[in-house]
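Peer 1: Please find one structure pasted underneath; my questions will follow.
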Amino acid sequence: MIFRQSYDDTSSTYTYLLADESSREALLIDPVFEQYHRDLAMLRELGLTLKLVADTHAHADHITAAWLLQQKTGCKIAISANAGAENMDIALHHGDVFGVEGVSLEARSTPGHTNGCMSFVLADQSKVFTGDALLIRGCGRSDFQQGDAARLYHSINEQLFSLPDDCAVYPAHDYNGRTQSTIAEENEFNARVGGQANENDFVHYMNAMQLPHPKKIAEALPNNLRCGKPESGEFPPEPDWADLRISYAGVPEVEPVWVMQNQPSVTILDVRETDELDGAMKELDNAVFIPLSELRERVNEVPSDKPVVTLCRSGKRSAMAINILKENGHSEVANIYGGILRWNASATTHSLLPADE
């Protein structure tokens, strides 16, 4: 199985990718709206097809990317039937088995943080994705959104602590940089539950907590009850000056063919060293040459009246040039994917196409 854990700094949210190596089908757990470019890039670079997005509950601290990813990929959306959410495709109930080809999960109802909280257990019980029900050395709060400390106590003890001791715990959040735990660890060392703590201990602990409400709750909850669909039903604004994509490394990229077809509308910045300039490139009419080693000192020579696309031999150094340009006020920038190597290969193929293609 292919497994990846990604993190959103703003909301301290973990998103999990699970995929089958043979079928190349993938699912995402708890994706974040603002991170959909990152998740799409990871899928693209790993050669995976997103078939399913599953949210552990209706979050109060961030907006899910479920609906947006569905619009981009055609995937289905799964969430607890008790979440009260619209636009879902799969309403999960306790004990349901779901997933994609080659990856199977069991849905376990674990309410207490919210009515609709679910934990997802991998078929071999080697991993459990606990949402906010069980965190690393903690648990989700129970003071709003149908929270109930007693229910949460029973959810953790009966549905999660009943899993094998070595089952890896992957929560929806961690605020201290911790990435995973195990059932045995949490049963022994969790600060709120487990060990010798009984229901009375836990409920009094939870009731004594005085926490401010999440900053985004007024925005997040209504959107998440629509599975992340904005009230307007519109996509977030995206750059429209190019056929742009964002890599998993966070680099905005364009294909060489797009640049060939749109040269008058952009400035091409070639950041190779002088001794690398070896004659005219196929299909390249003009370019500004500033070596990467000199770009910081000469960045004011880069025209600012057009978007800038950067170029080097392989596309690696020119990706670094993007950062320098952004630091100096250029907002419409992109790296030419694959550099000159891909440019020349694309130019050869492009030149073979009929004029109307």
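Lettering and numbering for the structure tokens are positional, with chains as A, B, ... in the shown order, residues counted from 1 in each chain, and ligands counted from 1 in the shown order.
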Pick out the residues sitting within 9 Å of stretch 65-74 of chain A, and hand them over as a PDB file with C-alpha atoms, in the first residue's frame; count only C-alpha atoms, and ignore anything fewer than 4 positions along from it in its own chain.
Peer 2:
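As written to disk, selection25.pdb reads:
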```
ATOM      1  CA  LEU A  28      -7.804  10.812   0.859  1.00  0.00           C
ATOM      2  CA  ASP A  30      -9.544  14.737   5.862  1.00  0.00           C
ATOM      3  CA  PRO A  31      -8.264  16.923   2.998  1.00  0.00           C
ATOM      4  CA  VAL A  32      -8.019  20.703   3.563  1.00  0.00           C
ATOM      5  CA  PHE A  33      -9.610  23.172   1.130  1.00  0.00           C
ATOM      6  CA  GLU A  34      -6.528  25.398   0.829  1.00  0.00           C
ATOM      7  CA  GLN A  35      -4.282  22.394   0.164  1.00  0.00           C
ATOM      8  CA  TYR A  36      -6.099  20.864  -2.797  1.00  0.00           C
ATOM      9  CA  ASP A  39      -3.001  16.889  -2.930  1.00  0.00           C
ATOM     10  CA  LEU A  40      -3.734  16.892  -6.657  1.00  0.00           C
ATOM     11  CA  THR A  49      -6.413   8.092  -9.546  1.00  0.00           C
ATOM     12  CA  LEU A  50      -8.448   9.621  -6.726  1.00  0.00           C
ATOM     13  CA  LYS A  51     -11.613   7.590  -6.253  1.00  0.00           C
ATOM     14  CA  LEU A  52     -12.754   8.577  -2.768  1.00  0.00           C
ATOM     15  CA  VAL A  53     -12.493  11.355  -0.176  1.00  0.00           C
ATOM     16  CA  ALA A  54     -13.526  10.491   3.385  1.00  0.00           C
ATOM     17  CA  ASP A  55     -13.920  12.963   6.239  1.00  0.00           C
ATOM     18  CA  ALA A  78     -17.890   9.617   2.232  1.00  0.00           C
ATOM     19  CA  ASN A  87     -23.520  16.463  -1.104  1.00  0.00           C
ATOM     20  CA  MET A  88     -22.143  13.150   0.190  1.00  0.00           C
ATOM     21  CA  ASN A 224     -18.417  21.373   5.944  1.00  0.00           C
ATOM     22  CA  ARG A 226     -22.089  20.939   2.502  1.00  0.00           C
ATOM     23  CA  CYS A 227     -18.969  18.690   2.267  1.00  0.00           C
ATOM     24  CA  GLY A 228     -16.891  21.779   1.557  1.00  0.00           C
ATOM     25  CA  LYS A 229     -19.043  23.254  -1.191  1.00  0.00           C
ATOM     26  CA  PRO A 230     -18.950  27.070  -0.953  1.00  0.00           C
ATOM     27  CA  PHE A 235     -14.526  27.463  -7.382  1.00  0.00           C
TER      28      PHE A 235
END
```
Peer 1: Return as a count of residues only the full set of residues in stretch 138-178 of chain A whose backbone-based DSSP assignment is strand (DSSP E or B).
Peer 2: 6
Peer 1: Quick one: residues within 12 Å of A:Ser247, only C-alpha atoms counted, chain neighbours fewer than 3 positions away excluded, as a ChimeraX atom specification?
Peer 2: /A:35-46,244,250-254,319,334-337
Peer 1: Could those selected residues go to a file with C-alpha atoms, as a PDB file, in the first residue's frame?
Peer 2:
```pdb
ATOM      1  CA  GLN A  35      -4.282  22.394   0.164  1.00  0.00           C
ATOM      2  CA  TYR A  36      -6.099  20.864  -2.797  1.00  0.00           C
ATOM      3  CA  HIS A  37      -3.350  21.870  -5.242  1.00  0.00           C
ATOM      4  CA  ARG A  38      -0.836  19.996  -3.097  1.00  0.00           C
ATOM      5  CA  ASP A  39      -3.001  16.889  -2.930  1.00  0.00           C
ATOM      6  CA  LEU A  40      -3.734  16.892  -6.657  1.00  0.00           C
ATOM      7  CA  ALA A  41      -0.012  17.276  -7.378  1.00  0.00           C
ATOM      8  CA  MET A  42       0.844  14.327  -5.137  1.00  0.00           C
ATOM      9  CA  LEU A  43      -1.712  12.168  -6.921  1.00  0.00           C
ATOM     10  CA  ARG A  44      -0.442  13.254 -10.328  1.00  0.00           C
ATOM     11  CA  GLU A  45       3.230  12.720  -9.504  1.00  0.00           C
ATOM     12  CA  LEU A  46       2.593   9.273  -8.017  1.00  0.00           C
ATOM     13  CA  LEU A 244      -0.786  26.505 -14.767  1.00  0.00           C
ATOM     14  CA  GLY A 250       4.853  23.918  -4.480  1.00  0.00           C
ATOM     15  CA  VAL A 251       6.341  25.177  -7.746  1.00  0.00           C
ATOM     16  CA  PRO A 252       3.972  26.716 -10.334  1.00  0.00           C
ATOM     17  CA  GLU A 253       4.697  25.062 -13.688  1.00  0.00           C
ATOM     18  CA  VAL A 254       3.758  25.359 -17.354  1.00  0.00           C
ATOM     19  CA  ALA A 319      12.437  26.521 -10.105  1.00  0.00           C
ATOM     20  CA  ALA A 334       5.904  29.857 -13.511  1.00  0.00           C
ATOM     21  CA  ASN A 335       8.683  27.411 -14.194  1.00  0.00           C
ATOM     22  CA  ILE A 336       8.935  25.777 -17.625  1.00  0.00           C
ATOM     23  CA  TYR A 337       8.562  22.129 -16.689  1.00  0.00           C
TER      24      TYR A 337
END
```
Peer 1: Nearest residue to A:Ile136 out of A:Asn157, A:Gln196, A:Asn187, A:Thr10, using only C-alpha atoms?
Peer 2: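 Closest to A:Ile136 of all the choices is A:Asn187.
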Peer 1: Run DSSP on the backbone of this structure and report the residues of stretch 123-341 of chain A it assigns to helix (DSSP H, G or I), as a PyMOL selection string.
Peer 2: chain A and resi 149-160+183-189+199-207+217-224+256-261+263-265+274-276+292-301+317-327+339-341
Peer 1: Expressed in Å to a single decimal, how great is the separation between atom CA of A:Ile183 and atom CA of A:Gln146?
Peer 2: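 We find that atom CA of A:Ile183 and atom CA of A:Gln146 lie 25.6 Å from each other.
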Peer 1: Could you tell me how far atom CA of A:Val97 lies from atom CA of A:Thr64, in Å and to one decimal?
Peer 2: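 Value for the atom CA of A:Val97-atom CA of A:Thr64 distance: 22.1 Å.
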Peer 1: Quick one: residues within 8 Å of A:Ala287, only C-alpha atoms counted, chain neighbours fewer than 3 positions away excluded, as number ranges by chain?
Peer 2: A: 267-270, 284
Peer 1: Got a sec: who's within 6 Å of A:Gly140, counting only C-alpha atoms, leaving out chain neighbours fewer than 6 positions off, as number ranges by chain?
Peer 2: A: 113, 132-133
Peer 1: For the residues in the current selection, export C-alpha atoms as a PDB file, in the first residue's frame.
Peer 2:
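Output below, filename part-v3.pdb:
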```pdb
ATOM      1  CA  HIS A 113     -16.412  15.194  19.985  1.00  0.00           C
ATOM      2  CA  ASP A 132     -10.571  14.102  16.611  1.00  0.00           C
ATOM      3  CA  ALA A 133     -11.865  11.293  18.817  1.00  0.00           C
TER       4      ALA A 133
END
```
Peer 1: Tell me, in Å to one decimal, how far atom CA of A:Asp148 is from atom CA of A:Thr114.
Peer 2: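 So the two atoms, atom CA of A:Asp148 and atom CA of A:Thr114, lie 7.7 Å apart.
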Peer 1: Between A:Ser346, A:Thr110, A:Gln159, A:Ser104, which is the closest to A:Asp124 once you count only C-alpha atoms?
Peer 2: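 Of A:Ser346, A:Thr110, A:Gln159, A:Ser104, the one nearest A:Asp124 is A:Ser104, counting only C-alpha atoms.
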Peer 1: Neighbouring residues of A:Tyr175 were defined as those with any atom within 12 Å, considering only C-alpha atoms; residues of the same chain fewer than 2 positions away were excluded. Please report them as a ChimeraX atom specification.
Peer 2: /A:7-14,135-139,171-173,177-179
Peer 1: Just checking: using only C-alpha atoms, which residue out of A:Cys312, A:Val299, A:Val257, A:Leu92 ends up closest to A:Thr274?
Peer 2: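 Smallest distance to A:Thr274 is found for A:Cys312.
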Peer 1: For A:Ile340, please output as a PDB file with C-alpha atoms, in the first residue's frame all residues within 12 Å (counting only C-alpha atoms; exclusion window: fewer than 3 positions along the same chain).
Peer 2:
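After the write, result21.pdb holds the following:
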```pdb
ATOM      1  CA  GLU A 255       4.442  22.942 -20.182  1.00  0.00           C
ATOM      2  CA  PRO A 256       6.915  24.028 -22.904  1.00  0.00           C
ATOM      3  CA  VAL A 257       4.263  23.678 -25.620  1.00  0.00           C
ATOM      4  CA  ASP A 270      16.703  31.930 -19.068  1.00  0.00           C
ATOM      5  CA  VAL A 271      18.817  31.474 -15.915  1.00  0.00           C
ATOM      6  CA  ARG A 272      21.585  29.281 -17.343  1.00  0.00           C
ATOM      7  CA  GLU A 276      25.935  27.055 -21.250  1.00  0.00           C
ATOM      8  CA  LEU A 277      24.415  29.166 -24.011  1.00  0.00           C
ATOM      9  CA  ASP A 278      24.893  26.966 -27.040  1.00  0.00           C
ATOM     10  CA  ALA A 280      19.254  29.136 -30.605  1.00  0.00           C
ATOM     11  CA  MET A 281      16.604  26.861 -29.146  1.00  0.00           C
ATOM     12  CA  LYS A 282      13.901  25.337 -31.268  1.00  0.00           C
ATOM     13  CA  GLU A 283      10.720  27.421 -31.334  1.00  0.00           C
ATOM     14  CA  LEU A 284      12.203  30.084 -29.020  1.00  0.00           C
ATOM     15  CA  THR A 310      11.721  30.656 -16.097  1.00  0.00           C
ATOM     16  CA  LEU A 311      13.993  28.277 -17.988  1.00  0.00           C
ATOM     17  CA  CYS A 312      17.204  26.308 -17.476  1.00  0.00           C
ATOM     18  CA  ARG A 313      18.632  23.027 -18.740  1.00  0.00           C
ATOM     19  CA  SER A 314      16.524  20.649 -16.638  1.00  0.00           C
ATOM     20  CA  GLY A 315      13.991  22.872 -14.880  1.00  0.00           C
ATOM     21  CA  LYS A 316      15.616  22.577 -11.455  1.00  0.00           C
ATOM     22  CA  ARG A 317      17.553  25.834 -11.216  1.00  0.00           C
ATOM     23  CA  SER A 318      14.747  27.753 -12.865  1.00  0.00           C
ATOM     24  CA  ASN A 335       8.683  27.411 -14.194  1.00  0.00           C
ATOM     25  CA  ILE A 336       8.935  25.777 -17.625  1.00  0.00           C
ATOM     26  CA  TYR A 337       8.562  22.129 -16.689  1.00  0.00           C
ATOM     27  CA  TRP A 343      11.455  22.079 -24.492  1.00  0.00           C
ATOM     28  CA  ASN A 344      13.488  20.609 -27.351  1.00  0.00           C
ATOM     29  CA  ALA A 345      11.675  17.280 -27.190  1.00  0.00           C
ATOM     30  CA  SER A 346       8.332  19.106 -27.203  1.00  0.00           C
ATOM     31  CA  ALA A 347       9.426  21.401 -30.024  1.00  0.00           C
TER      32      ALA A 347
END
```
